[in-house]
Each structure stands twice: as C-alpha cells, then as structure tokens.
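**Student:** Dropping in data_5.txt, which is compact mmCIF, C-alpha atoms:
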```txt
# COMPACT_ATOMS: atom_id res chain seq x y z
CA GLN G 1 58.54 -16.39 -7.37
CA ALA G 2 57.14 -15.91 -3.89
CA GLU G 3 56.29 -19.59 -3.70
CA GLU G 4 59.81 -20.57 -4.77
CA ARG G 5 61.36 -18.18 -2.24
CA SER G 6 59.15 -19.57 0.52
CA GLY G 7 60.15 -23.11 -0.45
CA ASP G 8 63.84 -22.25 -0.28
CA TYR G 9 63.39 -20.73 3.17
CA GLY G 10 61.52 -23.81 4.35
CA ARG G 11 64.33 -26.07 3.17
CA THR G 12 66.88 -23.87 4.97
CA LEU G 13 64.93 -24.34 8.22
CA GLU G 14 64.75 -28.11 7.68
CA VAL G 15 68.53 -28.34 7.16
CA ALA G 16 69.13 -26.23 10.27
CA ALA G 17 66.82 -28.46 12.32
CA THR G 18 68.68 -31.57 11.12
CA ASP G 19 72.05 -30.03 11.97
CA LEU G 20 70.87 -29.07 15.46
CA ASN G 21 69.71 -32.61 16.09
CA ARG G 22 73.18 -33.93 15.20
CA GLY G 23 74.77 -31.88 17.94
CA LEU G 24 77.00 -28.91 17.12
CA ASP G 25 79.82 -27.19 18.93
CA PRO G 26 79.31 -23.56 20.02
CA GLU G 27 81.02 -22.11 16.92
CA GLN G 28 78.89 -24.19 14.58
CA VAL G 29 75.76 -23.13 16.47
CA ARG G 30 76.80 -19.47 16.15
CA GLN G 31 77.34 -19.88 12.40
CA LEU G 32 73.98 -21.67 12.05
CA ILE G 33 72.14 -18.91 13.94
CA SER G 34 73.84 -16.25 11.82
CA SER G 35 72.84 -18.11 8.66
CA LEU G 36 69.23 -18.45 9.84
CA ALA G 37 69.09 -14.77 10.81
CA ALA G 38 70.29 -13.75 7.33
CA ALA G 39 67.77 -16.07 5.65
CA THR G 40 64.96 -14.79 7.88
CA LEU G 41 65.86 -11.15 7.17
CA ASP G 42 65.97 -11.87 3.45
CA MET G 43 62.55 -13.58 3.67
CA ALA G 44 61.08 -10.65 5.64
CA ASN G 45 62.35 -8.17 3.03
CA HIS G 46 60.93 -10.30 0.27
CA ASN G 47 57.54 -10.52 2.03
CA LYS G 48 57.52 -6.74 2.50
CA HIS G 49 58.18 -6.24 -1.21
CA LEU G 50 55.52 -8.79 -2.06
CA ASN G 51 52.98 -7.02 0.16
CA GLU G 52 53.75 -3.70 -1.54
CA GLN G 53 53.23 -5.31 -4.95
CA LEU G 54 49.93 -6.83 -3.81
CA GLN G 55 48.70 -3.47 -2.53
CA LYS G 56 49.66 -1.84 -5.83
CA SER G 57 47.87 -4.59 -7.75
CA THR G 58 44.79 -4.20 -5.55
CA ARG G 59 44.69 -0.47 -6.29
CA GLU G 60 45.05 -1.15 -10.01
CA ILE G 61 42.27 -3.73 -9.88
CA ASP G 62 40.00 -1.28 -8.02
CA THR G 63 40.71 1.36 -10.67
CA LEU G 64 39.96 -1.11 -13.46
CA ARG G 65 36.78 -2.25 -11.73
CA SER G 66 35.64 1.36 -11.33
CA GLY G 67 36.45 2.06 -14.97
CA LEU G 68 34.56 -1.01 -16.14
CA GLU G 69 31.53 -0.02 -14.06
CA SER G 70 31.63 3.47 -15.56
CA VAL G 71 31.75 2.00 -19.05
CA ARG G 72 28.88 -0.34 -18.18
CA VAL G 73 26.73 2.51 -16.85
CA GLU G 74 27.58 4.61 -19.89
CA SER G 75 26.60 1.74 -22.19
CA LEU G 76 23.16 1.60 -20.51
CA THR G 77 22.52 5.36 -20.40
CA ASP G 78 21.04 7.69 -23.00
CA ALA G 79 23.59 10.46 -23.53
CA LEU G 80 21.05 13.23 -24.23
CA THR G 81 18.62 12.74 -21.35
CA GLY G 82 20.62 10.79 -18.77
CA LEU G 83 17.85 8.19 -18.66
CA SER G 84 18.32 4.49 -19.20
CA ASN G 85 18.68 3.60 -22.87
CA ARG G 86 16.90 0.98 -24.95
CA ARG G 87 19.33 -1.76 -23.97
CA MET G 88 18.76 -1.15 -20.26
CA PHE G 89 15.01 -0.97 -20.89
CA ASP G 90 14.99 -4.35 -22.63
CA GLU G 91 17.05 -6.01 -19.87
CA THR G 92 14.93 -4.53 -17.08
CA LEU G 93 11.61 -5.37 -18.73
CA ARG G 94 12.59 -9.05 -19.04
CA MET G 95 13.71 -9.10 -15.41
CA ARG G 96 10.53 -7.37 -14.16
CA ILE G 97 8.27 -9.72 -16.12
CA ASP G 98 10.02 -12.75 -14.59
CA GLU G 99 9.74 -11.14 -11.16
CA ALA G 100 6.03 -10.33 -11.55
CA ARG G 101 5.24 -13.90 -12.55
CA ALA G 102 7.30 -15.39 -9.72
CA GLN G 103 5.66 -13.10 -7.15
CA LYS G 104 2.24 -13.07 -8.85
CA SER G 105 2.35 -9.27 -8.67
CA GLU G 106 1.15 -6.53 -11.00
CA LEU G 107 3.31 -4.97 -13.70
CA CYS G 108 2.40 -2.11 -16.02
CA LEU G 109 4.27 -0.52 -18.89
CA LEU G 110 3.74 3.12 -19.86
CA LEU G 111 4.84 4.57 -23.18
CA CYS G 112 4.92 8.33 -23.71
CA ASP G 113 5.41 10.34 -26.91
CA VAL G 114 5.75 14.12 -27.47
CA ASP G 115 2.84 15.50 -29.51
CA PHE G 116 3.83 17.26 -32.75
CA PHE G 117 7.51 16.88 -31.97
CA LYS G 118 8.49 17.21 -35.63
CA ARG G 119 6.77 20.60 -35.70
CA PHE G 120 8.92 21.79 -32.79
CA ASN G 121 12.07 20.57 -34.53
CA ASP G 122 11.13 22.14 -37.87
CA THR G 123 10.15 25.45 -36.25
CA TRP G 124 12.81 25.90 -33.59
CA GLY G 125 15.62 23.51 -34.57
CA HIS G 126 17.09 20.35 -33.09
CA HIS G 127 18.70 22.07 -30.08
CA THR G 128 15.26 23.18 -28.92
CA GLY G 129 13.94 19.70 -29.65
CA ASP G 130 16.67 18.30 -27.41
CA GLN G 131 15.64 20.77 -24.69
CA ILE G 132 12.07 19.46 -24.87
CA LEU G 133 13.25 15.84 -24.62
CA ARG G 134 15.35 16.64 -21.55
CA PHE G 135 12.35 18.39 -19.98
CA LEU G 136 10.15 15.37 -20.62
CA ALA G 137 12.80 13.05 -19.14
CA SER G 138 12.94 15.20 -16.00
CA ALA G 139 9.14 15.26 -15.68
CA MET G 140 8.92 11.48 -15.97
CA GLN G 141 11.65 10.96 -13.39
CA ALA G 142 9.84 13.30 -11.01
CA HIS G 143 6.69 11.14 -11.18
CA ALA G 144 8.43 7.76 -11.04
CA ARG G 145 8.58 5.69 -7.88
CA PRO G 146 12.03 4.54 -6.70
CA ASP G 147 11.61 1.06 -8.19
CA PHE G 148 10.31 2.31 -11.57
CA LEU G 149 12.61 2.47 -14.58
CA VAL G 150 12.31 5.47 -16.90
CA ALA G 151 14.01 5.01 -20.26
CA ARG G 152 14.30 6.65 -23.63
CA HIS G 153 12.66 4.07 -25.83
CA GLY G 154 13.64 5.72 -29.08
CA GLY G 155 13.43 9.16 -30.69
CA GLU G 156 10.81 11.21 -28.82
CA GLU G 157 9.24 8.11 -27.25
CA PHE G 158 9.87 7.30 -23.60
CA ALA G 159 8.96 4.34 -21.41
CA MET G 160 8.25 3.75 -17.73
CA ILE G 161 8.35 0.21 -16.31
CA MET G 162 6.05 0.13 -13.28
CA PRO G 163 6.43 -2.98 -11.07
CA ARG G 164 3.87 -3.76 -8.37
CA THR G 165 1.50 -1.19 -9.87
CA ASP G 166 -2.03 -1.96 -11.06
CA ILE G 167 -3.59 -0.40 -14.15
CA ARG G 168 -5.62 2.13 -12.15
CA MET G 169 -2.59 3.46 -10.28
CA ALA G 170 -0.49 3.45 -13.46
CA ALA G 171 -3.13 5.57 -15.19
CA GLN G 172 -3.25 7.99 -12.26
CA ILE G 173 0.53 8.42 -12.33
CA GLY G 174 0.48 8.87 -16.10
CA ASP G 175 -2.31 11.47 -16.00
CA ALA G 176 -0.58 13.40 -13.21
CA MET G 177 2.57 13.46 -15.31
CA ARG G 178 0.63 14.55 -18.42
CA ASP G 179 -1.01 17.41 -16.48
CA ALA G 180 2.34 18.59 -15.11
CA ILE G 181 3.90 18.61 -18.57
CA GLN G 182 1.12 20.59 -20.25
CA ALA G 183 1.03 23.08 -17.36
CA LYS G 184 4.68 24.03 -17.92
CA ARG G 185 5.50 26.84 -20.35
CA LEU G 186 8.89 26.21 -21.92
CA ARG G 187 11.14 28.94 -23.26
CA ARG G 188 13.89 28.63 -25.81
CA ARG G 189 17.14 28.86 -23.89
CA SER G 190 19.10 30.79 -26.52
CA THR G 191 16.48 33.54 -27.08
CA ASN G 192 14.00 33.16 -24.20
CA GLU G 193 11.18 32.84 -26.76
CA ASP G 194 7.99 31.11 -25.64
CA LEU G 195 7.81 27.64 -27.20
CA GLY G 196 4.13 27.28 -26.44
CA GLN G 197 2.48 24.35 -24.76
CA VAL G 198 4.14 20.95 -24.88
CA THR G 199 1.81 17.97 -24.54
CA VAL G 200 2.28 14.23 -24.59
CA SER G 201 0.21 11.19 -25.48
CA LEU G 202 0.46 8.07 -23.33
CA GLY G 203 -0.40 4.40 -23.50
CA VAL G 204 -0.44 1.95 -20.59
CA ALA G 205 -0.60 -1.84 -20.79
CA ARG G 206 -0.86 -4.37 -17.99
CA LEU G 207 1.10 -7.62 -18.06
CA SER G 208 -1.03 -10.59 -19.05
CA PRO G 209 -0.18 -14.28 -18.48
CA SER G 210 0.75 -14.89 -22.12
CA ASP G 211 2.78 -11.70 -22.64
CA THR G 212 6.29 -11.72 -23.97
CA PRO G 213 8.29 -8.51 -23.49
CA GLN G 214 7.65 -7.68 -27.13
CA GLY G 215 3.94 -8.38 -26.76
CA LEU G 216 3.64 -6.08 -23.73
CA VAL G 217 5.47 -3.30 -25.58
CA GLU G 218 3.26 -3.74 -28.63
CA ARG G 219 0.05 -3.43 -26.57
CA ALA G 220 1.34 -0.34 -24.76
CA ASP G 221 2.33 1.08 -28.14
CA ALA G 222 -1.16 0.38 -29.51
CA CYS G 223 -2.64 2.28 -26.56
CA LEU G 224 -0.24 5.16 -27.21
CA TYR G 225 -1.30 5.43 -30.83
CA ALA G 226 -4.94 5.22 -29.81
CA SER G 227 -4.28 8.36 -27.74
CA LYS G 228 -2.71 9.98 -30.81
CA ARG G 229 -5.60 8.95 -33.01
CA ASP G 230 -8.21 10.22 -30.54
CA GLY G 231 -6.82 13.74 -30.36
CA ARG G 232 -3.49 13.58 -28.48
CA ASN G 233 -2.74 14.91 -24.98
CA ARG G 234 -4.49 11.96 -23.39
CA LEU G 235 -3.85 8.55 -21.86
CA THR G 236 -5.26 5.23 -23.06
CA THR G 237 -5.03 1.90 -21.23
CA ASP G 238 -5.82 -1.72 -22.06
CA ALA G 239 -8.12 -1.83 -19.03
CA ALA G 240 -9.72 -5.24 -19.74
CA PRO G 241 -9.43 -7.40 -16.59
CA VAL G 242 -6.55 -9.88 -16.59
CA LEU G 243 -6.12 -12.76 -14.15
CA TYR G 244 -2.80 -14.39 -13.34
CA VAL G 245 -2.50 -18.11 -13.76
CA ALA G 246 -0.92 -19.84 -10.78
```
Please render this file's structure as structure tokens.
**Tutor:**
Amino acid sequence: QAEERSGDYGRTLEVAATDLNRGLDPEQVRQLISSLAAATLDMANHNKHLNEQLQKSTREIDTLRSGLESVRVESLTDALTGLSNRRMFDETLRMRIDEARAQKSELCLLLCDVDFFKRFNDTWGHHTGDQILRFLASAMQAHARPDFLVARHGGEEFAMIMPRTDIRMAAQIGDAMRDAIQAKRLRRRSTNEDLGQVTVSLGVARLSPSDTPQGLVERADACLYASKRDGRNRLTTDAAPVLYVA
C-alpha cells in the first residue's frame, strides 16, 4: 500500500511538472500549487502513519525474538538444577571437539556421579534427593572456569566439558571439587536433620585423535565406573599419553 501511495504521489508530481512546462496563467498556477500542497500533506500523513506501524511492528518483533530466545534457553536448561541439559551438552561437546582439533588444543571431559544416591532417595525421599542434586550442581559451577560447560548428563550424573585443559589440570579441578563436596555437611531443609556426608565419584577422559563425541563420553564413563568399582569417592583418568595428529 505504501508503495502504491508513493507511486501515485510521484505521478502527481510528474503531471504538475508537465503542466508547468506548458505555461500556466496565475490562477492555474495557484490551483496547481494548492493541489500539490494537498497531495504532499496527504503523503506526509501517510508516511507518519506508516512510521508508527513500522515502530509497532519492530516492538512486536523484538518481543517475539525475546520470547523465542527464552524458549530456546529453556529448551537447553535442566529445570531442577538450572544447568545445561543433555541436549545442550551434546551440542557443545561436538562444537568443542571440532574446535580442539582445529586449534590443536587440549580437551577433557569429566563425568561425576553421586555415591549411593538411591540410598539417599530411599531414606529421605525424592525432595531431599533433589536438594542433593542442586547442591552438586552448585559445587560444580563453583569449580568451573568461565569457558567450561557444566551439564546434567542424566539422573544423578553430571558432566563438565573442559576446553583448553590438559588431563593433569582436569584431575586437579575434579579432585578439588570432590574435596569440597565431601567437606560439606548437608541438612534436610524441611526438618534440619543431618543427611550425613555426600561424596561423588568422577571419571576424566582426554580427547584422542580418533574420538567421536560418543567415544569420549564412553571413556569418561568407564573411568567413572572404575572409581565406583575401586571404592567410590575418588577420581580416575585415562592418563595414557595421547598425541594430536596434524
């Protein structure tokens, strides 16, 4: 509609220019000027209305964009802990693996699991179990660097993607986190009862040249279950040296 209105106004100006070139008497010139003034005023009013509509549309688009971003963030966030969820973990791990290979940099993956979590749930109930999971999520976030991703991998298992971090540093971070978790005495929120000591088992794997995302997860998971098998409350790594292939 705006394009049509602009075209009509342009044709009005063309006709006026043609008439002026033919030579007009004063009365005809006055009528022509009056006609042009009316057309110009009408066009100005139309442009004002169009600008108002565009501003309204821009606000609506901004609202929609904000809403879509909120939905996107929600779709990538674990509702219980506020951490990234499995979908975000999978997307980020693929991206970080590609990045590590392009930059020939280190990448480690840490998996963490609450020891005897079923016992806590059976003894104290699921609400207390949820409290423990939120505590673990907070502890992991506190020990993560800004470029790390901490995610709920599933159930009581959590993951930390650690770009530009070698296996020694990854193990140090994991052990510091494990010590902080076992040093904390949790209390049941509803009754203030002592829940006892909460411990975690951890596994850390370093990216190898042939790793797929699934392969890296499987090796970290094997290290995690080695920690479980060897007595829990410990960290196991796949510390065999790995060289990148240029």
**Student:** Please define a box with edges along x, y and z of the file around all atoms of range 3-12 of chain G given in the file, extend it by 8 Å on each side, and return its centre and edge lengths in Å to one decimal, as JSON.
**Tutor:**
```
{"center_x": 61.6, "center_y": -22.1, "center_z": 0.1, "size_x": 26.6, "size_y": 23.9, "size_z": 25.7}
```
**Student:** Name all residues at most 12 Å from Arg168 in chain G (count all atoms listed in the file; drop same-chain ones fewer than 2 positions away) and give them as number ranges by chain.
**Tutor:** G: 106-108, 162, 164-166, 170-175, 204-206, 235-241
**Student:** Please report the interatomic distance between CA of Gln1 in chain G and CA of Glu52 in chain G in Å with one decimal.
**Tutor:**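 About the pair CA of Gln1 in chain G and CA of Glu52 in chain G: they are 14.8 Å apart.
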**Student:** Do you know which residues are at most 10 Å from Leu36 in chain G counting all atoms listed in the file, after dropping those on the same chain fewer than 4 positions away, and could you put them as a short mmCIF file (atom, residue, chain, number, x, y, z; two decimals) with C-alpha atoms, keeping the file's coordinate frame?
**Tutor:**
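The result, stored in part17.cif:
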```
data_model
loop_
_atom_site.label_atom_id
_atom_site.label_comp_id
_atom_site.auth_asym_id
_atom_site.auth_seq_id
_atom_site.Cartn_x
_atom_site.Cartn_y
_atom_site.Cartn_z
CA TYR G 9 63.39 -20.73 3.17
CA THR G 12 66.88 -23.87 4.97
CA LEU G 13 64.93 -24.34 8.22
CA ALA G 16 69.13 -26.23 10.27
CA ARG G 30 76.80 -19.47 16.15
CA GLN G 31 77.34 -19.88 12.40
CA LEU G 32 73.98 -21.67 12.05
CA THR G 40 64.96 -14.79 7.88
CA LEU G 41 65.86 -11.15 7.17
CA ASP G 42 65.97 -11.87 3.45
#
```
**Student:** I need the residue nearest Glu157 in chain G from this list: G:Ser201, G:Ser57, G:Ser138, G:Thr77. Use only C-alpha atoms for the distance.
**Tutor:**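 Closest to Glu157 in chain G, using only C-alpha atoms: G:Ser201.
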